[in-house]
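Everything below concerns the one structure shown next.
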Amino acid sequence: MPTRRAFLSTAGAASAFVWLPKPVKGYSTAEMRAFTASADGVTTRGVSKWDLDTPALCLDLDAMERNVATMQAALKRFGVVSRPHAKTHKCAAIAKYQLSTGSIGICCAKLTEAEAFYAAGIEPILMTTSNPSPQKVRRAMALRKKNPQFIQAVDEEPNARDLSAAAKEADVVADVVIDVAVGTRSGIPAGEGALALAKVIDTLPNLKLRGLLSYDGGVQHQKGFAARKARALQAIEANAATREAMKKAGLNVEIFSGGGTGTYNIMHHVPGFSDLQVGSYLFMDMQYLEIGGEDGNAVYKDFAPSLTVTTTIMNNRFPGLLTTDAGTKALTLNKPNPGVIGEPGMDYTAGSDEFGTIKVTSASKSYKIGDKLEVIVPHCDPVVNEYDQIYGIRNDRVEVVWPITARGKSQ
Ligand SMILES: Cc1ncc(COP(=O)(O)O)c(C=O)c1O
């Protein structure tokens, strides 16, 4: 069976080769930012990826652009559109690229995230998380006042009434969608209750119902395409029936949003489904590589891993072990472990705050202190949140330095 280790040994992300040691400058975050004169982050210095101080968050621009093109072409064939989730990249420059390549908007998970994206010039924003506290209700409606393209999710009547009152105070009619649950994490259960909530919202003077969202987080990483497809379509049946009932009742169902990277090629089978909230397809990660593709391959290859972290070896003094400078704060504790590109005989654990430890059963060379490695991250979203900026790489050179606009915006 093709394993992820086999995948790592053969398929490169940015580059499948380890760095050949030479004295390097080790350009810091601040130095690299100083090299970018223009607002779009373009740098003309031609710094090699391997000359960045580590840990450095790197993005293979060719691979990312191919991922976007693959997604857009597939969704076009399926007759749906993308409204990518910006919780994955938190980066305004990437959101602008998604919008310029055909996405109809972005999604945000946190209000502070949405505020940061709006401040960076992004307007079509769907807030997929409800904002039930009084402060957040006020802030969400303040954002709506500034940004007519802001849409808020809601999943209970008191919150809907509060939103309507705050919208009235802000002198706006605010667009909302009902979050209809798939699973038990968030949202109102599909069925009569959801229909009743939709009807109430329709009567509230300062809210405009735009439809519903139904995101199934659990199914995205279901291994095996056939099992994933069957589970996703079964789980959303009740939501599709709720949408149908809303439509029959004369309610607006123009938006029926959800899905992710694991179900991008499944959700168009759901009647009325309008848009995919895909996030990880841009970057990929070890979690997604494991889910398997429609082609029956155990490795999910629809999208290429474009996001990596470079790391430096700090210690090689213990037999069969290497210590690196990328631990939990660079890679998080998510499983599966980071994958070392080009070195299938290495098992990387990011268990210490500032150190990674590698058990080496085999290696392509003898590693010295100062040598660098490149790893595919366990789970892209939380890793991105650990960095101030992302280096866009082409042909191993830094082409752009993009700030992670909504880094740490978790409220
Ligand atoms: C509500 C919602 N929509 C979409 C996504 C994107 O999913 P993926 O990264 O699997 O494409 C997420 C990710 O957690 C999410 O929470």
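Chains: A, B, ... in order of the structure tokens. Residues: from 1 per chain. Ligands: from 1, in order shown.
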
What are the DSSP helix (DSSP H, G or I) residues of stretch 13-116 of chain A, as a PDB file with C-alpha atoms, in the first residue's frame?
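Result saved to states39.pdb:
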```pdb
ATOM      1  CA  THR A  29      11.643  38.016   9.734  1.00  0.00           C
ATOM      2  CA  ALA A  30      12.350  41.732  10.129  1.00  0.00           C
ATOM      3  CA  GLU A  31      15.106  41.779   7.513  1.00  0.00           C
ATOM      4  CA  MET A  32      12.953  39.963   4.993  1.00  0.00           C
ATOM      5  CA  ARG A  33      10.090  42.354   5.610  1.00  0.00           C
ATOM      6  CA  ALA A  34      12.431  45.287   5.072  1.00  0.00           C
ATOM      7  CA  LYS A  49      14.599  29.779   0.693  1.00  0.00           C
ATOM      8  CA  TRP A  50      17.564  28.093   2.338  1.00  0.00           C
ATOM      9  CA  ASP A  51      18.988  31.430   3.454  1.00  0.00           C
ATOM     10  CA  LEU A  61       3.673  29.630  -5.220  1.00  0.00           C
ATOM     11  CA  ASP A  62       3.573  27.406  -8.311  1.00  0.00           C
ATOM     12  CA  ALA A  63       2.004  24.574  -6.322  1.00  0.00           C
ATOM     13  CA  MET A  64      -0.480  26.882  -4.594  1.00  0.00           C
ATOM     14  CA  GLU A  65      -1.521  28.439  -7.907  1.00  0.00           C
ATOM     15  CA  ARG A  66      -1.959  24.985  -9.422  1.00  0.00           C
ATOM     16  CA  ASN A  67      -4.122  23.976  -6.456  1.00  0.00           C
ATOM     17  CA  VAL A  68      -6.335  26.998  -6.966  1.00  0.00           C
ATOM     18  CA  ALA A  69      -6.606  26.321 -10.699  1.00  0.00           C
ATOM     19  CA  THR A  70      -7.464  22.664 -10.048  1.00  0.00           C
ATOM     20  CA  MET A  71     -10.174  23.601  -7.569  1.00  0.00           C
ATOM     21  CA  GLN A  72     -11.677  26.303  -9.767  1.00  0.00           C
ATOM     22  CA  ALA A  73     -11.738  24.025 -12.831  1.00  0.00           C
ATOM     23  CA  ALA A  74     -13.330  21.173 -10.859  1.00  0.00           C
ATOM     24  CA  LEU A  75     -16.016  23.368  -9.311  1.00  0.00           C
ATOM     25  CA  LYS A  76     -16.821  24.841 -12.711  1.00  0.00           C
ATOM     26  CA  ARG A  77     -17.414  21.317 -14.006  1.00  0.00           C
ATOM     27  CA  PHE A  78     -19.618  20.579 -11.000  1.00  0.00           C
ATOM     28  CA  ALA A  92      -5.117  39.094   2.870  1.00  0.00           C
ATOM     29  CA  ALA A  93      -2.770  38.681  -0.098  1.00  0.00           C
ATOM     30  CA  ILE A  94      -3.923  35.080  -0.554  1.00  0.00           C
ATOM     31  CA  ALA A  95      -7.580  36.056  -0.136  1.00  0.00           C
ATOM     32  CA  LYS A  96      -7.121  38.652  -2.882  1.00  0.00           C
ATOM     33  CA  TYR A  97      -5.569  36.003  -5.103  1.00  0.00           C
ATOM     34  CA  GLN A  98      -8.541  33.684  -4.493  1.00  0.00           C
ATOM     35  CA  LEU A  99     -10.983  36.461  -5.338  1.00  0.00           C
ATOM     36  CA  SER A 100      -9.031  37.370  -8.472  1.00  0.00           C
ATOM     37  CA  LEU A 111     -15.039  38.162  14.150  1.00  0.00           C
ATOM     38  CA  THR A 112     -11.554  39.586  14.694  1.00  0.00           C
ATOM     39  CA  GLU A 113     -10.476  37.656  11.597  1.00  0.00           C
ATOM     40  CA  ALA A 114     -13.316  39.205   9.588  1.00  0.00           C
ATOM     41  CA  GLU A 115     -12.430  42.671  10.916  1.00  0.00           C
ATOM     42  CA  ALA A 116      -8.790  42.210   9.941  1.00  0.00           C
TER      43      ALA A 116
END
```

Within 6 Å of A:Phe273, counting only C-alpha atoms, which residues show up once you throw out same-chain ones fewer than 2 positions away? Write them as a PyMOL selection string, please. chain A and resi 256+270-271

Write a file of the selected residues as a short mmCIF file (atom, residue, chain, number, x, y, z; two decimals), in the first residue's frame, keeping N, CA, C and O atoms.
```cif
data_model
loop_
_atom_site.label_atom_id
_atom_site.label_comp_id
_atom_site.auth_asym_id
_atom_site.auth_seq_id
_atom_site.Cartn_x
_atom_site.Cartn_y
_atom_site.Cartn_z
N PHE A 256 -26.51 28.03 -0.09
CA PHE A 256 -26.48 26.73 0.62
C PHE A 256 -25.00 26.34 0.59
O PHE A 256 -24.51 25.74 -0.36
N VAL A 270 -25.56 17.38 -3.89
CA VAL A 270 -26.64 17.77 -2.98
C VAL A 270 -27.50 18.84 -3.69
O VAL A 270 -26.96 19.88 -4.08
N PRO A 271 -28.79 18.60 -3.83
CA PRO A 271 -29.62 19.57 -4.56
C PRO A 271 -29.56 20.95 -3.92
O PRO A 271 -29.68 21.10 -2.70
#
```

Would you list the residues that come within 7 Å of ligand 1? Count only C-alpha atoms and all ligand atoms and give the answer as a PDB file with C-alpha atoms, in the first residue's frame.
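Writing the result to out-v2.pdb gives the following:
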```
ATOM      1  CA  HIS A  85     -12.416  29.637   4.164  1.00  0.00           C
ATOM      2  CA  THR A  88      -6.736  28.418   6.721  1.00  0.00           C
ATOM      3  CA  ALA A 109     -14.369  31.821  11.527  1.00  0.00           C
ATOM      4  CA  THR A 128     -19.489  31.008   9.408  1.00  0.00           C
ATOM      5  CA  TYR A 215     -20.502  22.371   7.231  1.00  0.00           C
ATOM      6  CA  GLY A 217     -16.232  18.976   9.838  1.00  0.00           C
ATOM      7  CA  GLN A 220     -13.641  15.875   5.663  1.00  0.00           C
ATOM      8  CA  GLY A 258     -20.477  24.195   3.156  1.00  0.00           C
ATOM      9  CA  GLY A 259     -18.053  21.454   2.253  1.00  0.00           C
ATOM     10  CA  GLY A 260     -14.286  21.427   2.461  1.00  0.00           C
ATOM     11  CA  THR A 261     -11.215  20.041   0.776  1.00  0.00           C
ATOM     12  CA  GLY A 262     -12.226  16.463   1.557  1.00  0.00           C
ATOM     13  CA  GLN A 277     -16.010  26.683   1.776  1.00  0.00           C
ATOM     14  CA  VAL A 278     -12.759  24.952   0.899  1.00  0.00           C
ATOM     15  CA  GLY A 279      -9.677  25.953   2.875  1.00  0.00           C
ATOM     16  CA  SER A 280      -6.833  23.441   3.036  1.00  0.00           C
ATOM     17  CA  TYR A 281      -6.734  22.755  -0.716  1.00  0.00           C
TER      18      TYR A 281
END
```

My list of candidates is A:Ile151, A:Ala160, A:Arg139, A:Ser82. Which is closest to A:Cys108 when distances are computed with only C-alpha atoms? A:Ile151

Show me, as a VMD selection string, the residues that have an atom within 12 Å of A:Ala240 when counting only C-alpha atoms, minus same-chain residues fewer than 5 positions from it. chain A and resid 180 to 182 190 to 191 194 to 195 211 to 214 232 to 235 245 to 247 253 255 to 258 267 to 274

Can you list, as a ChimeraX atom specification, every protein, DNA or RNA residue that comes within 10 Å of A:Val154 when you count only C-alpha atoms, leaving out same-chain residues fewer than 2 positions away? /A:127-132,151-152,156-160,163,176-180,187-188,197-198,201,212-213

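For the residues A:Ala166, A:Val80, A:Val340, A:Leu373, ranking by smallest atom-to-atom distance to A:Ile266 using only C-alpha atoms places A:Val80 first.
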